[in-house]
Amino acid sequence: MFNSNHKRGGIVAGLLFLLSFPLSAAEITRQLLENDTDLISVTGVLNDGDEIVFRNLATASSKALVFLNSEGGDLKAEIEIGRAIRLRGFATATPPGTLCASACALTWLAGSPRFLQPESNIGFHAAYRVVDGKASESGVANALVGAYLNQLGLSETAIAYVMSAPPEGIAWLTAAKAQTVGITYDAIDEDHSTIPDISHFPAQLAVTEPGLTL
């Protein structure tokens with residue numbers, strides 16, 4: 001648990017409320033919480049190059065909680081953000097009632113720890129390319145995603161689940177499904193009064209290619 005317990009929980013609850021209102025464009029911001037912990041929020045669809053903005057902000061943080069509110073975007077950007085999160089041992093979470101789907105969900109998986117609360121909306125589907133206006137699964141992209149998930153430490157069952165839904169579909173993560181496929185997380189109480197400590201577990205992740213979409 002955070003050393004500040006209920007006081008920290010109140011701060012996080014307030015931030016969760018503020019971040020539950022989506023913005024019209026991608027935005028990456030950082031602000032200081034207590035006990036030298038930063039809140040980094042990633043909101044909106046990310047594009048190639050946004051991972052550089054994230055890394056620049058992350059460099060100044062030794063300990064951070066990353067809030068994700070995005071329907072996805074550029075696969076390279078999202079996975080590179082995930083790499084930075086795992087390398088620096090940051091935690092991930094989603095504000096209540098918001099969306100973290102597609103590539104954003106891959107970023108959420110990089111958290112150490114990952115937070116999930118009853119109103120989290122986290123969804124996965126296979127990576128794809130747009131060909132003649134239609135989404136088509138990309139073997140190259142899915143191979144890169146598989147390597148990334150493997151180096152995050154996910155099991156084969158979890159990886160298969162994450163990549164199971166077609167581009168036009170989505171697999172929503174529930175507590176029951178997470179337990180079934182072995183995706184571990186730390187639950188946040190509905191009143192957000194208890195949140196586990198943010199530990200640091202550095203790991204080197206896979207390098208990805210530009211131009212892929214999820």
# chains A, B, ... in the order shown; residues from 1 in each chain; ligands from 1
$ residues_around --residues "Leu152 in chain A" --least-positions-apart "3" --cutoff "7 Å" --atoms "only C-alpha atoms" --output "list of chain:residue names"
A:Ala110, A:Tyr148, A:Leu149
$ write_last_selection --atoms "N, CA and C atoms" --output "compact mmCIF listing (two decimals), in the first residue's frame"
# COMPACT_ATOMS: atom_id res chain seq x y z
N ALA A 110 1.81 -3.25 -19.59
CA ALA A 110 3.20 -3.03 -19.20
C ALA A 110 3.34 -2.54 -17.77
N TYR A 148 6.42 -8.73 -27.81
CA TYR A 148 6.28 -7.73 -26.73
C TYR A 148 5.57 -8.35 -25.53
N LEU A 149 4.47 -9.04 -25.77
CA LEU A 149 3.71 -9.64 -24.67
C LEU A 149 4.51 -10.74 -23.99
$ residues_around --residues "Ile52 in chain A" --least-positions-apart "2" --cutoff "12 Å" --atoms "only C-alpha atoms" --output "PyMOL selection string"
chain A and resi 28+46-50+54-59+76-81+83-84
$ residues_around --residues "range 170-185 of chain A" --least-positions-apart "3" --cutoff "8 Å" --atoms "only C-alpha atoms" --output "number ranges by chain"
A: 102, 113-116, 121-125, 154-155, 157-158, 161-162, 164-167
$ write_last_selection --atoms "N, CA and C atoms" --output "PDB file, in the first residue's frame"
ATOM      1  N   SER A 102      -7.577  -1.591 -27.696  1.00  0.00           N
ATOM      2  CA  SER A 102      -6.665  -1.784 -28.808  1.00  0.00           C
ATOM      3  C   SER A 102      -5.222  -1.623 -28.320  1.00  0.00           C
ATOM      4  N   PRO A 113       2.675  -2.186 -10.783  1.00  0.00           N
ATOM      5  CA  PRO A 113       1.643  -3.138 -11.178  1.00  0.00           C
ATOM      6  C   PRO A 113       0.649  -2.524 -12.143  1.00  0.00           C
ATOM      7  N   ARG A 114      -0.311  -3.357 -12.582  1.00  0.00           N
ATOM      8  CA  ARG A 114      -1.473  -2.876 -13.338  1.00  0.00           C
ATOM      9  C   ARG A 114      -2.630  -2.729 -12.360  1.00  0.00           C
ATOM     10  N   PHE A 115      -3.406  -1.654 -12.509  1.00  0.00           N
ATOM     11  CA  PHE A 115      -4.582  -1.461 -11.679  1.00  0.00           C
ATOM     12  C   PHE A 115      -5.839  -1.673 -12.516  1.00  0.00           C
ATOM     13  N   LEU A 116      -6.815  -2.356 -11.940  1.00  0.00           N
ATOM     14  CA  LEU A 116      -8.107  -2.554 -12.592  1.00  0.00           C
ATOM     15  C   LEU A 116      -9.185  -2.306 -11.562  1.00  0.00           C
ATOM     16  N   ASN A 121     -12.607  -0.126 -18.640  1.00  0.00           N
ATOM     17  CA  ASN A 121     -12.985  -0.646 -19.956  1.00  0.00           C
ATOM     18  C   ASN A 121     -11.710  -0.904 -20.749  1.00  0.00           C
ATOM     19  N   ILE A 122     -11.195  -2.129 -20.642  1.00  0.00           N
ATOM     20  CA  ILE A 122      -9.945  -2.505 -21.288  1.00  0.00           C
ATOM     21  C   ILE A 122     -10.244  -3.598 -22.306  1.00  0.00           C
ATOM     22  N   GLY A 123      -9.923  -3.326 -23.584  1.00  0.00           N
ATOM     23  CA  GLY A 123     -10.266  -4.282 -24.630  1.00  0.00           C
ATOM     24  C   GLY A 123      -9.124  -4.527 -25.597  1.00  0.00           C
ATOM     25  N   PHE A 124      -9.065  -5.740 -26.118  1.00  0.00           N
ATOM     26  CA  PHE A 124      -7.986  -6.160 -27.002  1.00  0.00           C
ATOM     27  C   PHE A 124      -8.527  -6.635 -28.353  1.00  0.00           C
ATOM     28  N   HIS A 125      -7.707  -6.515 -29.388  1.00  0.00           N
ATOM     29  CA  HIS A 125      -7.969  -7.206 -30.653  1.00  0.00           C
ATOM     30  C   HIS A 125      -6.662  -7.310 -31.429  1.00  0.00           C
ATOM     31  N   LEU A 154       3.800 -12.456 -20.061  1.00  0.00           N
ATOM     32  CA  LEU A 154       2.480 -13.057 -20.175  1.00  0.00           C
ATOM     33  C   LEU A 154       2.597 -14.517 -20.628  1.00  0.00           C
ATOM     34  N   SER A 155       1.666 -15.319 -20.187  1.00  0.00           N
ATOM     35  CA  SER A 155       1.648 -16.724 -20.570  1.00  0.00           C
ATOM     36  C   SER A 155       1.127 -16.882 -21.994  1.00  0.00           C
ATOM     37  N   THR A 157      -1.390 -18.597 -22.865  1.00  0.00           N
ATOM     38  CA  THR A 157      -2.849 -18.468 -22.795  1.00  0.00           C
ATOM     39  C   THR A 157      -3.267 -17.007 -22.819  1.00  0.00           C
ATOM     40  N   ALA A 158      -2.565 -16.171 -22.057  1.00  0.00           N
ATOM     41  CA  ALA A 158      -2.876 -14.740 -22.016  1.00  0.00           C
ATOM     42  C   ALA A 158      -2.609 -14.086 -23.360  1.00  0.00           C
ATOM     43  N   TYR A 161      -5.299 -14.920 -25.817  1.00  0.00           N
ATOM     44  CA  TYR A 161      -6.520 -14.144 -25.549  1.00  0.00           C
ATOM     45  C   TYR A 161      -6.395 -12.710 -26.043  1.00  0.00           C
ATOM     46  N   VAL A 162      -5.278 -12.076 -25.742  1.00  0.00           N
ATOM     47  CA  VAL A 162      -5.069 -10.678 -26.136  1.00  0.00           C
ATOM     48  C   VAL A 162      -5.181 -10.505 -27.645  1.00  0.00           C
ATOM     49  N   SER A 164      -6.850 -12.592 -29.761  1.00  0.00           N
ATOM     50  CA  SER A 164      -7.879 -13.471 -30.300  1.00  0.00           C
ATOM     51  C   SER A 164      -8.954 -12.766 -31.118  1.00  0.00           C
ATOM     52  N   ALA A 165      -9.329 -11.552 -30.736  1.00  0.00           N
ATOM     53  CA  ALA A 165     -10.427 -10.872 -31.422  1.00  0.00           C
ATOM     54  C   ALA A 165      -9.955 -10.315 -32.761  1.00  0.00           C
ATOM     55  N   PRO A 166     -10.778 -10.382 -33.821  1.00  0.00           N
ATOM     56  CA  PRO A 166     -10.409  -9.828 -35.116  1.00  0.00           C
ATOM     57  C   PRO A 166     -10.389  -8.299 -35.071  1.00  0.00           C
ATOM     58  N   PRO A 167      -9.814  -7.636 -36.093  1.00  0.00           N
ATOM     59  CA  PRO A 167      -9.732  -6.170 -36.089  1.00  0.00           C
ATOM     60  C   PRO A 167     -11.070  -5.474 -35.884  1.00  0.00           C
TER      61      PRO A 167
END
$ residues_around --residues "Ala91 in chain A" --least-positions-apart "2" --cutoff "12 Å" --atoms "only C-alpha atoms" --output "NGL selection string"
:A and (37-41 or 62-68 or 82 or 84-89 or 93-94 or 107-116 or 185-186 or 195-202)
$ write_last_selection --atoms "C-alpha atoms" --output "PDB file, in the first residue's frame"
ATOM      1  CA  THR A  37       5.206  10.045  -7.208  1.00  0.00           C
ATOM      2  CA  ASP A  38       4.124  11.525 -10.544  1.00  0.00           C
ATOM      3  CA  LEU A  39       0.830  11.122 -12.353  1.00  0.00           C
ATOM      4  CA  ILE A  40       1.353  10.802 -16.112  1.00  0.00           C
ATOM      5  CA  SER A  41      -1.880  10.869 -18.128  1.00  0.00           C
ATOM      6  CA  SER A  62      11.565   8.084 -10.801  1.00  0.00           C
ATOM      7  CA  LYS A  63       8.154   6.780  -9.738  1.00  0.00           C
ATOM      8  CA  ALA A  64       4.873   7.247 -11.594  1.00  0.00           C
ATOM      9  CA  LEU A  65       1.300   6.117 -12.044  1.00  0.00           C
ATOM     10  CA  VAL A  66       0.249   6.242 -15.722  1.00  0.00           C
ATOM     11  CA  PHE A  67      -3.450   6.854 -16.408  1.00  0.00           C
ATOM     12  CA  LEU A  68      -4.546   5.667 -19.867  1.00  0.00           C
ATOM     13  CA  GLY A  82       4.684   0.368 -22.903  1.00  0.00           C
ATOM     14  CA  ALA A  84       9.183   2.900 -21.288  1.00  0.00           C
ATOM     15  CA  ILE A  85       6.596   2.093 -18.612  1.00  0.00           C
ATOM     16  CA  ARG A  86       8.037  -1.368 -17.959  1.00  0.00           C
ATOM     17  CA  LEU A  87      11.657  -0.254 -18.104  1.00  0.00           C
ATOM     18  CA  ARG A  88      11.009   2.420 -15.472  1.00  0.00           C
ATOM     19  CA  GLY A  89       8.711   0.266 -13.342  1.00  0.00           C
ATOM     20  CA  ALA A  93      -4.494   2.332 -14.562  1.00  0.00           C
ATOM     21  CA  THR A  94      -7.575   3.627 -16.377  1.00  0.00           C
ATOM     22  CA  THR A 107       0.318  -0.302 -22.963  1.00  0.00           C
ATOM     23  CA  TRP A 108      -1.754  -0.998 -19.834  1.00  0.00           C
ATOM     24  CA  LEU A 109      -0.290  -4.506 -19.705  1.00  0.00           C
ATOM     25  CA  ALA A 110       3.195  -3.028 -19.203  1.00  0.00           C
ATOM     26  CA  GLY A 111       2.321  -1.605 -15.791  1.00  0.00           C
ATOM     27  CA  SER A 112       4.186  -2.730 -12.667  1.00  0.00           C
ATOM     28  CA  PRO A 113       1.643  -3.138 -11.178  1.00  0.00           C
ATOM     29  CA  ARG A 114      -1.473  -2.876 -13.338  1.00  0.00           C
ATOM     30  CA  PHE A 115      -4.582  -1.461 -11.679  1.00  0.00           C
ATOM     31  CA  LEU A 116      -8.107  -2.554 -12.592  1.00  0.00           C
ATOM     32  CA  TYR A 185      -3.591  -7.029 -11.746  1.00  0.00           C
ATOM     33  CA  ASP A 186      -4.219  -5.182  -8.507  1.00  0.00           C
ATOM     34  CA  ILE A 195      -4.027   1.260  -4.015  1.00  0.00           C
ATOM     35  CA  PRO A 196      -0.956  -1.005  -3.806  1.00  0.00           C
ATOM     36  CA  ASP A 197       2.575   0.312  -3.680  1.00  0.00           C
ATOM     37  CA  ILE A 198       4.296   1.103  -6.974  1.00  0.00           C
ATOM     38  CA  SER A 199       7.255  -1.264  -7.192  1.00  0.00           C
ATOM     39  CA  HIS A 200      10.057  -1.168  -9.743  1.00  0.00           C
ATOM     40  CA  PHE A 201      10.631  -4.213 -11.937  1.00  0.00           C
ATOM     41  CA  PRO A 202      12.816  -3.149 -14.910  1.00  0.00           C
TER      42      PRO A 202
END
$ atom_distance --atom1 "CA of Gly97 in chain A" --atom2 "CA of Glu119 in chain A"
5.5 Å
